[in-house]
Amino acid sequence: MLSNESIVFSAKNVSKTFGAGKNQVTAVNDVSFDIYDGEIISIVGGSGCGKSVLAKIMLGLYPASKGVFLYNGRKISNLKRHWGEVQSVFQDPFSCFNQFFTIRSQLEDAFNIFKKKPSKEEIKRRVDEGLLAVNVTPKDIEGKYSFELSGGQMQRMLLARIFALRPKVLIADEPTSMVDACVRANILDYLMKLKKELHMTIVFVTHDIGLANYVSDRIFIMHEGKIVNAGTPEEVLDKTEEAHTLKLLDDIPEVHKEEWIKNSHRAKNKKVS
Ligand SMILES: Nc1ncnc2c1ncn2[C@@H]1O[C@H](COP(=O)(O)OP(=O)(O)OP(=O)(O)O)[C@@H](O)[C@H]1O
Ligand SMILES: [Mg+2]
């Protein structure tokens with residue numbers, strides 16, 4: 001049984017609304033969950049269902065309008081301290097890098113987030129390690145600016161930053177959206193490597209239930225601001241009577257779906273026997 005100390009994020013009846021009166025939008029609607037240390041959680045759902053808003057609550061960018069949201073048992077109050085431990089990779093990698101500075105200098109400057117900064121040599125070493133972890137030779141980006149790299153390469157730079165900074169928690173919002181299938185598989189493998197080697201807790205936001213099935217310990221299915229289905233990939237895939245999960249499953253190629261459902265049954269049967 002997992003103990004309270006290992007709860008990283010805890011949401012109790014959390015809602016987030018924007019605007020007022022007739023124009024009010026409820027982006028997140030009364031969600032409750034716990035996320036445990038070292039888990040990979042995927043938040044899956046269609047466009048506009050509240051995934052990114054929930055991710056931003058975790059990052060401390062939005063306070064909850066209602067309910068209680070805790071990180072390590074406490075409300076998020078000091079953002080600088082929070083971002084020293086909880087880092088993000090967002091949809092558009094170009095918005096995260098300034099085109100007037102070299103990528104290397106920005107990877108090194110990212111360490112300014114820490115109250116106690118490592119030495120210059122240590123920072124250089126960790127940036128090199130981060131680049132190598134995503135299969136980029138440090139020499140290849142020497143003197144380069146973000147506009148000189150492709151979208152896929154930039155997404156790798158964001159992940160290199162995460163490998164270098166080694167935050168306790170990573171919020172990855174559609175980090176695979178700009179890349180082709182081969183690079184996408186690599187990025188998913190990097191996420192699993194982060195969990196395995198650095199014991200990172202990862203919240204992975206995606207439209208794609210197939211990707212979620214591949215990487216996650218647990219999946220939360222969201223629809224219109226609510227979590228409508230949650231559990232291990234086997235549990236979520238087996239609860240095919242849940243309408244929104246079914247819809248997401250319908251959107252993936254038949255051949256993959258059969259394979260996943262077959263595998264999930266196999267996993268379930270194994271547990272039972
Ligand atoms: N700052 C904001 N002000 C007003 N409404 C907002 C704001 N941010 C998000 N919303 C609204 O909240 C709802 C959820 O948005 P959110 O960005 O979380 O969707 P999403 O699930 O991430 O969608 P996508 O998959 O397209 O990225 C949407 O209706 C959106 O228009
Ligand atoms: Mg989004």
# chains A, B, ... in the order shown; residues from 1 in each chain; ligands from 1

$ residues_around --residues "stretch 201-210 of chain A" --least-positions-apart "6" --cutoff "7 Å" --atoms "only C-alpha atoms" --output "number ranges by chain"
A: 37-46, 51, 168-174, 195, 248-249

$ write_last_selection --atoms "C-alpha atoms" --output "PDB file, in the first residue's frame"
ATOM      1  CA  ASP A  37       6.071   9.436  -6.405  1.00  0.00           C
ATOM      2  CA  GLY A  38       7.681   7.825  -9.466  1.00  0.00           C
ATOM      3  CA  GLU A  39       4.448   7.233 -11.394  1.00  0.00           C
ATOM      4  CA  ILE A  40       3.851   8.053 -15.053  1.00  0.00           C
ATOM      5  CA  ILE A  41       0.297   9.348 -15.306  1.00  0.00           C
ATOM      6  CA  SER A  42      -1.274  10.121 -18.672  1.00  0.00           C
ATOM      7  CA  ILE A  43      -4.116  12.608 -18.952  1.00  0.00           C
ATOM      8  CA  VAL A  44      -6.031  11.750 -22.104  1.00  0.00           C
ATOM      9  CA  GLY A  45      -8.987  13.440 -23.777  1.00  0.00           C
ATOM     10  CA  GLY A  46     -10.244  15.393 -26.764  1.00  0.00           C
ATOM     11  CA  LYS A  51      -5.958  18.765 -19.951  1.00  0.00           C
ATOM     12  CA  LYS A 168      11.496  15.710  -9.304  1.00  0.00           C
ATOM     13  CA  VAL A 169       8.370  16.055 -11.447  1.00  0.00           C
ATOM     14  CA  LEU A 170       7.901  16.577 -15.175  1.00  0.00           C
ATOM     15  CA  ILE A 171       4.676  17.847 -16.737  1.00  0.00           C
ATOM     16  CA  ALA A 172       4.849  16.952 -20.434  1.00  0.00           C
ATOM     17  CA  ASP A 173       1.984  18.504 -22.426  1.00  0.00           C
ATOM     18  CA  GLU A 174       1.828  16.852 -25.896  1.00  0.00           C
ATOM     19  CA  LYS A 195      11.386   7.602 -14.822  1.00  0.00           C
ATOM     20  CA  LEU A 248     -10.989   7.612 -27.838  1.00  0.00           C
ATOM     21  CA  LEU A 249     -10.437   3.915 -28.572  1.00  0.00           C
TER      22      LEU A 249
END

$ residues_near_ligand --ligand "ligand 1" --cutoff "9 Å" --atoms "only C-alpha atoms and all ligand atoms" --output "PyMOL selection string"
chain A and resi 16-19+24-28+44-56+62+91+173-174+205-207+222-225

$ closest_residue --among "A:Glu129, A:Glu242, A:Asp250, A:Glu121" --to "A:Ile221" --atoms "only C-alpha atoms"
A:Glu242

$ residues_around --residues "A:Val134" --least-positions-apart "4" --cutoff "10 Å" --atoms "only C-alpha atoms" --output "VMD selection string"
chain A and resid 129 to 130 153 156 to 161 163 186 to 187 189 to 190

$ write_last_selection --atoms "C-alpha atoms" --output "PDB file, in the first residue's frame"
ATOM      1  CA  GLU A 129      24.869  14.652 -20.298  1.00  0.00           C
ATOM      2  CA  GLY A 130      21.375  15.963 -21.078  1.00  0.00           C
ATOM      3  CA  GLN A 153      15.140  18.799 -32.802  1.00  0.00           C
ATOM      4  CA  ARG A 156      14.645  17.098 -28.050  1.00  0.00           C
ATOM      5  CA  MET A 157      16.362  20.220 -26.681  1.00  0.00           C
ATOM      6  CA  LEU A 158      13.491  20.620 -24.223  1.00  0.00           C
ATOM      7  CA  LEU A 159      13.960  17.028 -23.109  1.00  0.00           C
ATOM      8  CA  ALA A 160      17.750  17.544 -22.916  1.00  0.00           C
ATOM      9  CA  ARG A 161      17.021  20.427 -20.528  1.00  0.00           C
ATOM     10  CA  PHE A 163      17.696  15.450 -18.300  1.00  0.00           C
ATOM     11  CA  ASN A 186      12.191   7.973 -29.121  1.00  0.00           C
ATOM     12  CA  ILE A 187      10.646  10.730 -27.003  1.00  0.00           C
ATOM     13  CA  ASP A 189      11.405   6.057 -24.622  1.00  0.00           C
ATOM     14  CA  TYR A 190      13.178   9.100 -23.135  1.00  0.00           C
TER      15      TYR A 190
END

$ atom_distance --atom1 "atom CA of A:Thr245" --atom2 "atom CA of A:Val68"
26.7 Å

$ select_by_dssp --residues "stretch 19-194 of chain A" --states "strand (DSSP E)" --output "PyMOL selection string"
chain A and resi 25-36+40-44+66-71+86-89+169-173

$ atom_distance --atom1 "atom CA of A:Ser77" --atom2 "atom CA of A:Met192"
29.6 Å

$ atom_distance --atom1 "atom CA of A:Ile35" --atom2 "atom CA of A:Leu131"
28.7 Å

$ closest_residue --among "A:Ile227, A:Val89, A:Ser150, A:Asp30" --to "ligand 2" --atoms "only C-alpha atoms and all ligand atoms"
A:Val89

$ decode --residues "stretch 68-101 of chain A" --atoms "N, CA and C atoms" --output "PDB file, in the first residue's frame"
ATOM      1  N   VAL A  68      -9.173  21.844  -3.184  1.00  0.00           N
ATOM      2  CA  VAL A  68      -7.823  21.954  -2.628  1.00  0.00           C
ATOM      3  C   VAL A  68      -6.847  21.191  -3.518  1.00  0.00           C
ATOM      4  N   PHE A  69      -5.788  21.904  -3.927  1.00  0.00           N
ATOM      5  CA  PHE A  69      -4.748  21.240  -4.725  1.00  0.00           C
ATOM      6  C   PHE A  69      -3.423  21.333  -3.978  1.00  0.00           C
ATOM      7  N   LEU A  70      -2.800  20.182  -3.694  1.00  0.00           N
ATOM      8  CA  LEU A  70      -1.578  20.168  -2.894  1.00  0.00           C
ATOM      9  C   LEU A  70      -0.422  19.521  -3.658  1.00  0.00           C
ATOM     10  N   TYR A  71       0.786  20.074  -3.416  1.00  0.00           N
ATOM     11  CA  TYR A  71       2.013  19.439  -3.906  1.00  0.00           C
ATOM     12  C   TYR A  71       2.809  19.043  -2.663  1.00  0.00           C
ATOM     13  N   ASN A  72       3.159  17.774  -2.562  1.00  0.00           N
ATOM     14  CA  ASN A  72       3.845  17.258  -1.363  1.00  0.00           C
ATOM     15  C   ASN A  72       3.146  17.678  -0.073  1.00  0.00           C
ATOM     16  N   GLY A  73       1.804  17.656  -0.097  1.00  0.00           N
ATOM     17  CA  GLY A  73       1.023  17.941   1.103  1.00  0.00           C
ATOM     18  C   GLY A  73       0.811  19.412   1.399  1.00  0.00           C
ATOM     19  N   ARG A  74       1.328  20.308   0.505  1.00  0.00           N
ATOM     20  CA  ARG A  74       1.187  21.749   0.776  1.00  0.00           C
ATOM     21  C   ARG A  74       0.644  22.482  -0.430  1.00  0.00           C
ATOM     22  N   LYS A  75      -0.016  23.596  -0.164  1.00  0.00           N
ATOM     23  CA  LYS A  75      -0.464  24.454  -1.270  1.00  0.00           C
ATOM     24  C   LYS A  75       0.767  25.056  -1.958  1.00  0.00           C
ATOM     25  N   ILE A  76       0.665  25.272  -3.259  1.00  0.00           N
ATOM     26  CA  ILE A  76       1.792  25.854  -3.999  1.00  0.00           C
ATOM     27  C   ILE A  76       1.806  27.364  -3.731  1.00  0.00           C
ATOM     28  N   SER A  77       2.872  27.857  -3.059  1.00  0.00           N
ATOM     29  CA  SER A  77       2.889  29.283  -2.747  1.00  0.00           C
ATOM     30  C   SER A  77       4.092  29.969  -3.386  1.00  0.00           C
ATOM     31  N   ASN A  78       5.259  29.346  -3.275  1.00  0.00           N
ATOM     32  CA  ASN A  78       6.462  29.972  -3.820  1.00  0.00           C
ATOM     33  C   ASN A  78       6.767  29.348  -5.187  1.00  0.00           C
ATOM     34  N   LEU A  79       6.464  30.122  -6.257  1.00  0.00           N
ATOM     35  CA  LEU A  79       6.578  29.541  -7.611  1.00  0.00           C
ATOM     36  C   LEU A  79       8.014  29.198  -7.976  1.00  0.00           C
ATOM     37  N   LYS A  80       8.963  30.018  -7.561  1.00  0.00           N
ATOM     38  CA  LYS A  80      10.351  29.738  -7.931  1.00  0.00           C
ATOM     39  C   LYS A  80      10.789  28.401  -7.314  1.00  0.00           C
ATOM     40  N   ARG A  81      10.414  28.232  -6.043  1.00  0.00           N
ATOM     41  CA  ARG A  81      10.768  26.965  -5.381  1.00  0.00           C
ATOM     42  C   ARG A  81      10.050  25.798  -6.071  1.00  0.00           C
ATOM     43  N   HIS A  82       8.776  26.020  -6.434  1.00  0.00           N
ATOM     44  CA  HIS A  82       7.994  24.969  -7.089  1.00  0.00           C
ATOM     45  C   HIS A  82       8.649  24.558  -8.408  1.00  0.00           C
ATOM     46  N   TRP A  83       9.075  25.556  -9.193  1.00  0.00           N
ATOM     47  CA  TRP A  83       9.649  25.248 -10.505  1.00  0.00           C
ATOM     48  C   TRP A  83      11.061  24.673 -10.396  1.00  0.00           C
ATOM     49  N   GLY A  84      11.669  24.795  -9.229  1.00  0.00           N
ATOM     50  CA  GLY A  84      12.939  24.097  -9.001  1.00  0.00           C
ATOM     51  C   GLY A  84      12.718  22.597  -8.943  1.00  0.00           C
ATOM     52  N   GLU A  85      11.493  22.186  -8.618  1.00  0.00           N
ATOM     53  CA  GLU A  85      11.199  20.751  -8.486  1.00  0.00           C
ATOM     54  C   GLU A  85      10.263  20.234  -9.579  1.00  0.00           C
ATOM     55  N   VAL A  86       9.382  21.118 -10.082  1.00  0.00           N
ATOM     56  CA  VAL A  86       8.376  20.694 -11.065  1.00  0.00           C
ATOM     57  C   VAL A  86       8.610  21.462 -12.362  1.00  0.00           C
ATOM     58  N   GLN A  87       9.036  20.744 -13.396  1.00  0.00           N
ATOM     59  CA  GLN A  87       9.360  21.391 -14.668  1.00  0.00           C
ATOM     60  C   GLN A  87       8.403  20.929 -15.763  1.00  0.00           C
ATOM     61  N   SER A  88       8.388  21.660 -16.868  1.00  0.00           N
ATOM     62  CA  SER A  88       7.426  21.300 -17.916  1.00  0.00           C
ATOM     63  C   SER A  88       8.066  21.235 -19.301  1.00  0.00           C
ATOM     64  N   VAL A  89       7.420  20.465 -20.157  1.00  0.00           N
ATOM     65  CA  VAL A  89       7.724  20.471 -21.588  1.00  0.00           C
ATOM     66  C   VAL A  89       6.387  20.737 -22.256  1.00  0.00           C
ATOM     67  N   PHE A  90       6.265  21.858 -22.993  1.00  0.00           N
ATOM     68  CA  PHE A  90       4.963  22.214 -23.555  1.00  0.00           C
ATOM     69  C   PHE A  90       4.888  21.969 -25.051  1.00  0.00           C
ATOM     70  N   GLN A  91       3.664  22.213 -25.583  1.00  0.00           N
ATOM     71  CA  GLN A  91       3.386  21.877 -26.981  1.00  0.00           C
ATOM     72  C   GLN A  91       4.368  22.532 -27.953  1.00  0.00           C
ATOM     73  N   ASP A  92       4.654  23.806 -27.762  1.00  0.00           N
ATOM     74  CA  ASP A  92       5.461  24.521 -28.746  1.00  0.00           C
ATOM     75  C   ASP A  92       6.867  24.775 -28.212  1.00  0.00           C
ATOM     76  N   PRO A  93       7.850  23.986 -28.670  1.00  0.00           N
ATOM     77  CA  PRO A  93       9.199  24.143 -28.106  1.00  0.00           C
ATOM     78  C   PRO A  93       9.818  25.492 -28.433  1.00  0.00           C
ATOM     79  N   PHE A  94       9.400  26.110 -29.571  1.00  0.00           N
ATOM     80  CA  PHE A  94      10.020  27.381 -29.955  1.00  0.00           C
ATOM     81  C   PHE A  94       9.688  28.497 -28.973  1.00  0.00           C
ATOM     82  N   SER A  95       8.483  28.391 -28.338  1.00  0.00           N
ATOM     83  CA  SER A  95       8.110  29.447 -27.404  1.00  0.00           C
ATOM     84  C   SER A  95       8.952  29.361 -26.121  1.00  0.00           C
ATOM     85  N   CYS A  96       9.637  28.246 -25.920  1.00  0.00           N
ATOM     86  CA  CYS A  96      10.425  28.067 -24.689  1.00  0.00           C
ATOM     87  C   CYS A  96      11.870  28.514 -24.863  1.00  0.00           C
ATOM     88  N   PHE A  97      12.288  28.772 -26.108  1.00  0.00           N
ATOM     89  CA  PHE A  97      13.665  29.217 -26.335  1.00  0.00           C
ATOM     90  C   PHE A  97      13.644  30.591 -26.992  1.00  0.00           C
ATOM     91  N   ASN A  98      14.576  31.445 -26.567  1.00  0.00           N
ATOM     92  CA  ASN A  98      14.695  32.784 -27.132  1.00  0.00           C
ATOM     93  C   ASN A  98      15.627  32.708 -28.346  1.00  0.00           C
ATOM     94  N   GLN A  99      15.162  33.237 -29.469  1.00  0.00           N
ATOM     95  CA  GLN A  99      15.957  33.067 -30.692  1.00  0.00           C
ATOM     96  C   GLN A  99      17.219  33.928 -30.727  1.00  0.00           C
ATOM     97  N   PHE A 100      17.367  34.852 -29.760  1.00  0.00           N
ATOM     98  CA  PHE A 100      18.538  35.729 -29.780  1.00  0.00           C
ATOM     99  C   PHE A 100      19.718  35.180 -28.978  1.00  0.00           C
ATOM    100  N   PHE A 101      19.519  34.062 -28.305  1.00  0.00           N
ATOM    101  CA  PHE A 101      20.624  33.472 -27.533  1.00  0.00           C
ATOM    102  C   PHE A 101      20.881  32.056 -28.034  1.00  0.00           C
TER     103      PHE A 101
END
